[in-house]
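Peer 1: Here it is, the structure, as structure tokens.
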Amino acid sequence: MISTRDLSQLPGIGRLKALMQSLAVLDAILSPEWEYRYYTFDAHWSVEQAMASMRNGSGDELFALFTPVGAIMKGFAHESLMSHSPTVWAGVLDSVPAAFADFLNEPAFLLSDTTFCIWRTYADTEWQRGSIEFPGGQDPDGSAYLLAMLDGKPQTYQAWAENYYGRPVSLATIIHIYEQRPLTEALVAELNPTLLLQALNQDIHSIAYAQLTAG
């Protein structure tokens with residue numbers, strides 16, 4: 001299980017970025033209404049930066065910023081033990097490298113609402129976090145809960161989507177999108193029979209899914 005106490009199963013920077021793009025594509029197809037989506041991706045956050053996010057509508061959220069230096073991610077689990085602190089828990093943000101200063105100074109990421117933060121530069125061999133004295137409990141910062149979808153396994157998304165949408169969701173189609181293969185009308189219809197590929201044009205541009213094509 002991925003958590004801040006064991007980040008060994010979290011994908012590397014490039015794979016994580018591609019995965020979060022794929023999650024955004026899947027949600028764009030399954031949930032055309034923006035306000036009901038969990039996962040979004042803005043490949044044009046700035047000239048050299050891309051931003052991914054997750055919001056569940058219940059107060060939990062995740063933001064990831066991909067930069068030329070690497071990637072940094074923060075999460076807020078509103079029911080976790082560490083969310084009850086009047087300030088961000090000691091150590092969570094204290095050791096963030098100066099290379100990610102833009103992230104720490106971005107109002108949109110609501111750094112005051114942070115229960116965990118992790119980062120990795122391209123020079124690092126693994127994901128990093130600050131030196132933290134965790135309170136008791138199995139998941140005190142909510143990271144295991146919020147990072148669970150980022151294990152890279154299509155079956156994880158399928159289980160979540162079938163529970164959330166209350167209907168079967170094709171594993172083969174999820175795998176297709178996890179592998180960043182081209183979209184087709186038939187593929188989109190497999191996930192959402194009421195949606196045409198053309199309707200995804202704006203999302204296609206925003207997400208910049210690697211091989212997104214019509215056909």
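Ordering of the structure tokens sets the chain letters (A, B, ...); residue numbers start at 1 within each chain; ligands are numbered from 1 in the order shown.
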Can you tell me which residues surround A:Gly59 at a distance of at most 12 Å, considering only C-alpha atoms, apart from same-chain residues fewer than 6 positions away, and format the answer as a CSV table (one decimal) with N, CA and C atoms, in the first residue's frame?

Peer 2:
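Output below, filename around.csv:
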```csv
chain,number,residue,atom,x,y,z
A,38,TYR,N,-13.5,13.6,-10.6
A,38,TYR,CA,-12.5,13.4,-9.5
A,38,TYR,C,-11.2,13.9,-10.0
A,75,GLY,N,-1.5,16.6,-0.4
A,75,GLY,CA,-2.8,16.1,-0.3
A,75,GLY,C,-3.4,16.6,1.0
A,76,PHE,N,-4.8,16.6,1.1
A,76,PHE,CA,-5.5,17.0,2.3
A,76,PHE,C,-6.6,16.0,2.5
A,77,ALA,N,-6.5,15.2,3.5
A,77,ALA,CA,-7.6,14.2,3.9
A,77,ALA,C,-8.3,14.8,5.1
A,78,HIS,N,-9.5,15.3,4.9
A,78,HIS,CA,-10.2,16.1,5.9
A,78,HIS,C,-10.6,15.3,7.1
A,79,GLU,N,-10.6,14.0,7.1
A,79,GLU,CA,-11.0,13.2,8.3
A,79,GLU,C,-9.7,12.6,8.9
A,80,SER,N,-8.6,12.8,8.4
A,80,SER,CA,-7.4,12.2,9.0
A,80,SER,C,-7.0,12.9,10.3
A,83,SER,N,-5.3,16.3,10.0
A,83,SER,CA,-6.1,17.4,9.5
A,83,SER,C,-6.6,18.3,10.7
A,113,ASP,N,-4.2,23.8,3.8
A,113,ASP,CA,-4.9,22.6,3.9
A,113,ASP,C,-4.1,21.5,3.4
A,114,THR,N,-3.1,21.0,4.2
A,114,THR,CA,-2.2,20.0,3.8
A,114,THR,C,-2.0,19.0,4.9
A,146,LEU,N,-5.6,8.6,-0.2
A,146,LEU,CA,-5.5,9.5,-1.4
A,146,LEU,C,-4.6,9.1,-2.5
```

Peer 1: Name all residues at most 10 Å from A:Ile13 (count only C-alpha atoms; drop same-chain ones fewer than 3 positions away) and give them as a ChimeraX atom specification.

Peer 2: /A:10,16-19,66-67,70-72,119-122,126-127

Peer 1: Those selected residues, please, written with C-alpha atoms and delivered as a PDB file, in the first residue's frame.

Peer 2:
```pdb
ATOM      1  CA  LEU A  10       4.590   5.109  -6.321  1.00  0.00           C
ATOM      2  CA  LEU A  16       3.051   9.219 -12.693  1.00  0.00           C
ATOM      3  CA  LYS A  17       2.411  12.117 -15.061  1.00  0.00           C
ATOM      4  CA  ALA A  18       1.145   9.758 -17.775  1.00  0.00           C
ATOM      5  CA  LEU A  19      -1.037   7.945 -15.247  1.00  0.00           C
ATOM      6  CA  PHE A  66       5.180  18.618 -12.809  1.00  0.00           C
ATOM      7  CA  THR A  67       8.093  20.952 -13.548  1.00  0.00           C
ATOM      8  CA  GLY A  70      10.711  17.096 -11.078  1.00  0.00           C
ATOM      9  CA  ALA A  71       7.337  16.705  -9.384  1.00  0.00           C
ATOM     10  CA  ILE A  72       5.754  17.668  -6.080  1.00  0.00           C
ATOM     11  CA  TRP A 119       8.358  15.371  -3.954  1.00  0.00           C
ATOM     12  CA  ARG A 120      10.965  13.969  -6.301  1.00  0.00           C
ATOM     13  CA  THR A 121      13.538  15.709  -8.486  1.00  0.00           C
ATOM     14  CA  TYR A 122      14.991  14.050 -11.544  1.00  0.00           C
ATOM     15  CA  GLU A 126      13.022   7.788  -4.888  1.00  0.00           C
ATOM     16  CA  TRP A 127      10.178   9.960  -3.612  1.00  0.00           C
TER      17      TRP A 127
END
```

Peer 1: List as JSON, numbers by chain the protein and nucleic acid residues near stretch 95-110 of chain A, meaning an atom at most 12 Å away when only C-alpha atoms are counted, but skip any in the same chain fewer than 5 places from it.

Peer 2: {"A": [45, 46, 48, 49, 50, 51, 52, 53, 54, 55, 60, 61, 62, 63, 64, 65, 66, 67, 68, 69, 70, 71, 72, 73, 74, 75, 76, 88, 90, 115, 116, 117, 118, 119, 120, 121, 122, 124, 127, 128, 129, 130, 131, 132]}

Peer 1: Once DSSP has gone over the backbone, tell me which residues of chain A are in alpha helix (DSSP H), as a ChimeraX atom specification.

Peer 2: /A:13-30,101-104,143-147,154-165,171-178,185-191,201-207

Peer 1: Could you write out the selected residues, including C-alpha atoms, as an mmCIF file, in the first residue's frame?

Peer 2:
```cif
data_model
loop_
_atom_site.group_PDB
_atom_site.id
_atom_site.type_symbol
_atom_site.label_atom_id
_atom_site.label_comp_id
_atom_site.auth_asym_id
_atom_site.auth_seq_id
_atom_site.Cartn_x
_atom_site.Cartn_y
_atom_site.Cartn_z
ATOM 1 C CA ILE A 13 7.857 11.093 -12.368
ATOM 2 C CA GLY A 14 7.210 10.308 -16.043
ATOM 3 C CA ARG A 15 4.974 7.316 -15.344
ATOM 4 C CA LEU A 16 3.051 9.219 -12.693
ATOM 5 C CA LYS A 17 2.411 12.117 -15.061
ATOM 6 C CA ALA A 18 1.145 9.758 -17.775
ATOM 7 C CA LEU A 19 -1.037 7.945 -15.247
ATOM 8 C CA MET A 20 -2.639 11.156 -14.034
ATOM 9 C CA GLN A 21 -3.288 12.182 -17.639
ATOM 10 C CA SER A 22 -4.986 8.821 -18.210
ATOM 11 C CA LEU A 23 -7.119 9.217 -15.079
ATOM 12 C CA ALA A 24 -8.211 12.638 -16.323
ATOM 13 C CA VAL A 25 -9.134 11.192 -19.738
ATOM 14 C CA LEU A 26 -11.160 8.406 -18.138
ATOM 15 C CA ASP A 27 -13.044 10.843 -15.939
ATOM 16 C CA ALA A 28 -13.664 13.187 -18.877
ATOM 17 C CA ILE A 29 -15.339 10.321 -20.734
ATOM 18 C CA LEU A 30 -17.261 8.836 -17.831
ATOM 19 C CA ALA A 101 9.144 27.323 -4.372
ATOM 20 C CA ASP A 102 6.483 28.038 -7.017
ATOM 21 C CA PHE A 103 4.388 25.222 -5.585
ATOM 22 C CA LEU A 104 4.666 26.510 -2.025
ATOM 23 C CA SER A 143 -1.952 9.476 2.217
ATOM 24 C CA ALA A 144 -2.771 5.774 1.863
ATOM 25 C CA TYR A 145 -6.356 6.728 1.055
ATOM 26 C CA LEU A 146 -5.541 9.523 -1.398
ATOM 27 C CA LEU A 147 -2.604 7.831 -3.146
ATOM 28 C CA PRO A 154 -6.033 -0.553 -14.167
ATOM 29 C CA GLN A 155 -7.979 -2.875 -11.872
ATOM 30 C CA THR A 156 -7.753 -0.267 -9.109
ATOM 31 C CA TYR A 157 -9.486 2.328 -11.271
ATOM 32 C CA GLN A 158 -12.028 -0.209 -12.520
ATOM 33 C CA ALA A 159 -13.057 -1.131 -8.957
ATOM 34 C CA TRP A 160 -13.409 2.525 -8.006
ATOM 35 C CA ALA A 161 -15.294 3.526 -11.173
ATOM 36 C CA GLU A 162 -17.745 0.637 -10.987
ATOM 37 C CA ASN A 163 -18.528 1.537 -7.386
ATOM 38 C CA TYR A 164 -18.791 5.271 -8.102
ATOM 39 C CA TYR A 165 -20.830 5.039 -11.313
ATOM 40 C CA LEU A 171 -11.137 -3.211 -17.976
ATOM 41 C CA ALA A 172 -9.800 -3.574 -21.529
ATOM 42 C CA THR A 173 -10.726 0.040 -22.262
ATOM 43 C CA ILE A 174 -9.087 1.255 -19.068
ATOM 44 C CA ILE A 175 -5.919 -0.633 -19.988
ATOM 45 C CA HIS A 176 -6.022 0.952 -23.463
ATOM 46 C CA ILE A 177 -6.093 4.425 -21.923
ATOM 47 C CA TYR A 178 -3.529 3.573 -19.224
ATOM 48 C CA GLU A 185 -15.317 6.653 -31.304
ATOM 49 C CA ALA A 186 -15.836 2.976 -30.452
ATOM 50 C CA LEU A 187 -13.573 3.193 -27.429
ATOM 51 C CA VAL A 188 -15.346 6.268 -26.078
ATOM 52 C CA ALA A 189 -18.732 4.628 -26.669
ATOM 53 C CA GLU A 190 -17.604 1.589 -24.678
ATOM 54 C CA LEU A 191 -17.274 3.800 -21.617
ATOM 55 C CA ASN A 201 -11.774 18.263 -27.935
ATOM 56 C CA GLN A 202 -11.373 20.787 -25.125
ATOM 57 C CA ASP A 203 -10.341 18.088 -22.665
ATOM 58 C CA ILE A 204 -7.934 16.668 -25.236
ATOM 59 C CA HIS A 205 -6.201 20.023 -25.484
ATOM 60 C CA SER A 206 -6.101 20.550 -21.709
ATOM 61 C CA ILE A 207 -4.834 17.073 -20.840
#
```

Peer 1: Would you return as a VMD selection string the members of stretch 22-90 of chain A that DSSP assigns to strand (DSSP E) on this structure's backbone?

Peer 2: chain A and resid 39 to 42 50 to 55 61 to 66 70 to 76

Peer 1: Write the residues you've just listed into a file as an mmCIF file, in the first residue's frame, and include C-alpha atoms for each of them.

Peer 2:
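selection05.cif written:
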```
data_model
loop_
_atom_site.group_PDB
_atom_site.id
_atom_site.type_symbol
_atom_site.label_atom_id
_atom_site.label_comp_id
_atom_site.auth_asym_id
_atom_site.auth_seq_id
_atom_site.Cartn_x
_atom_site.Cartn_y
_atom_site.Cartn_z
ATOM 1 C CA TYR A 39 -9.392 13.705 -11.685
ATOM 2 C CA THR A 40 -8.317 16.625 -13.868
ATOM 3 C CA PHE A 41 -5.093 17.507 -15.677
ATOM 4 C CA ASP A 42 -3.895 20.838 -17.040
ATOM 5 C CA ALA A 50 1.655 20.805 -15.787
ATOM 6 C CA MET A 51 -0.801 20.355 -12.940
ATOM 7 C CA ALA A 52 -2.917 17.368 -11.928
ATOM 8 C CA SER A 53 -5.616 17.358 -9.287
ATOM 9 C CA MET A 54 -8.118 15.143 -7.515
ATOM 10 C CA ARG A 55 -11.162 16.389 -5.617
ATOM 11 C CA GLU A 61 -8.056 16.796 -2.470
ATOM 12 C CA LEU A 62 -4.733 16.160 -4.148
ATOM 13 C CA PHE A 63 -2.580 18.491 -6.248
ATOM 14 C CA ALA A 64 0.521 17.522 -8.230
ATOM 15 C CA LEU A 65 2.825 19.887 -10.099
ATOM 16 C CA PHE A 66 5.180 18.618 -12.809
ATOM 17 C CA GLY A 70 10.711 17.096 -11.078
ATOM 18 C CA ALA A 71 7.337 16.705 -9.384
ATOM 19 C CA ILE A 72 5.754 17.668 -6.080
ATOM 20 C CA MET A 73 2.400 16.611 -4.647
ATOM 21 C CA LYS A 74 0.311 17.620 -1.649
ATOM 22 C CA GLY A 75 -2.838 16.110 -0.268
ATOM 23 C CA PHE A 76 -5.479 16.960 2.274
#
```

Peer 1: Give the answer as one residue: which of A:Ala123, A:Leu183, A:Leu93, A:Met149 has the shortest atom-to-atom distance to A:Tyr209, using only C-alpha atoms?

Peer 2: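 Comparing A:Ala123, A:Leu183, A:Leu93, A:Met149 against A:Tyr209, the winner is A:Leu183.
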
Peer 1: Calculate how many Å separate atom CA of A:Leu7 from atom CA of A:Gly91, rounding to one decimal.

Peer 2: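 Pair atom CA of A:Leu7 / atom CA of A:Gly91 returns 16.8 Å.
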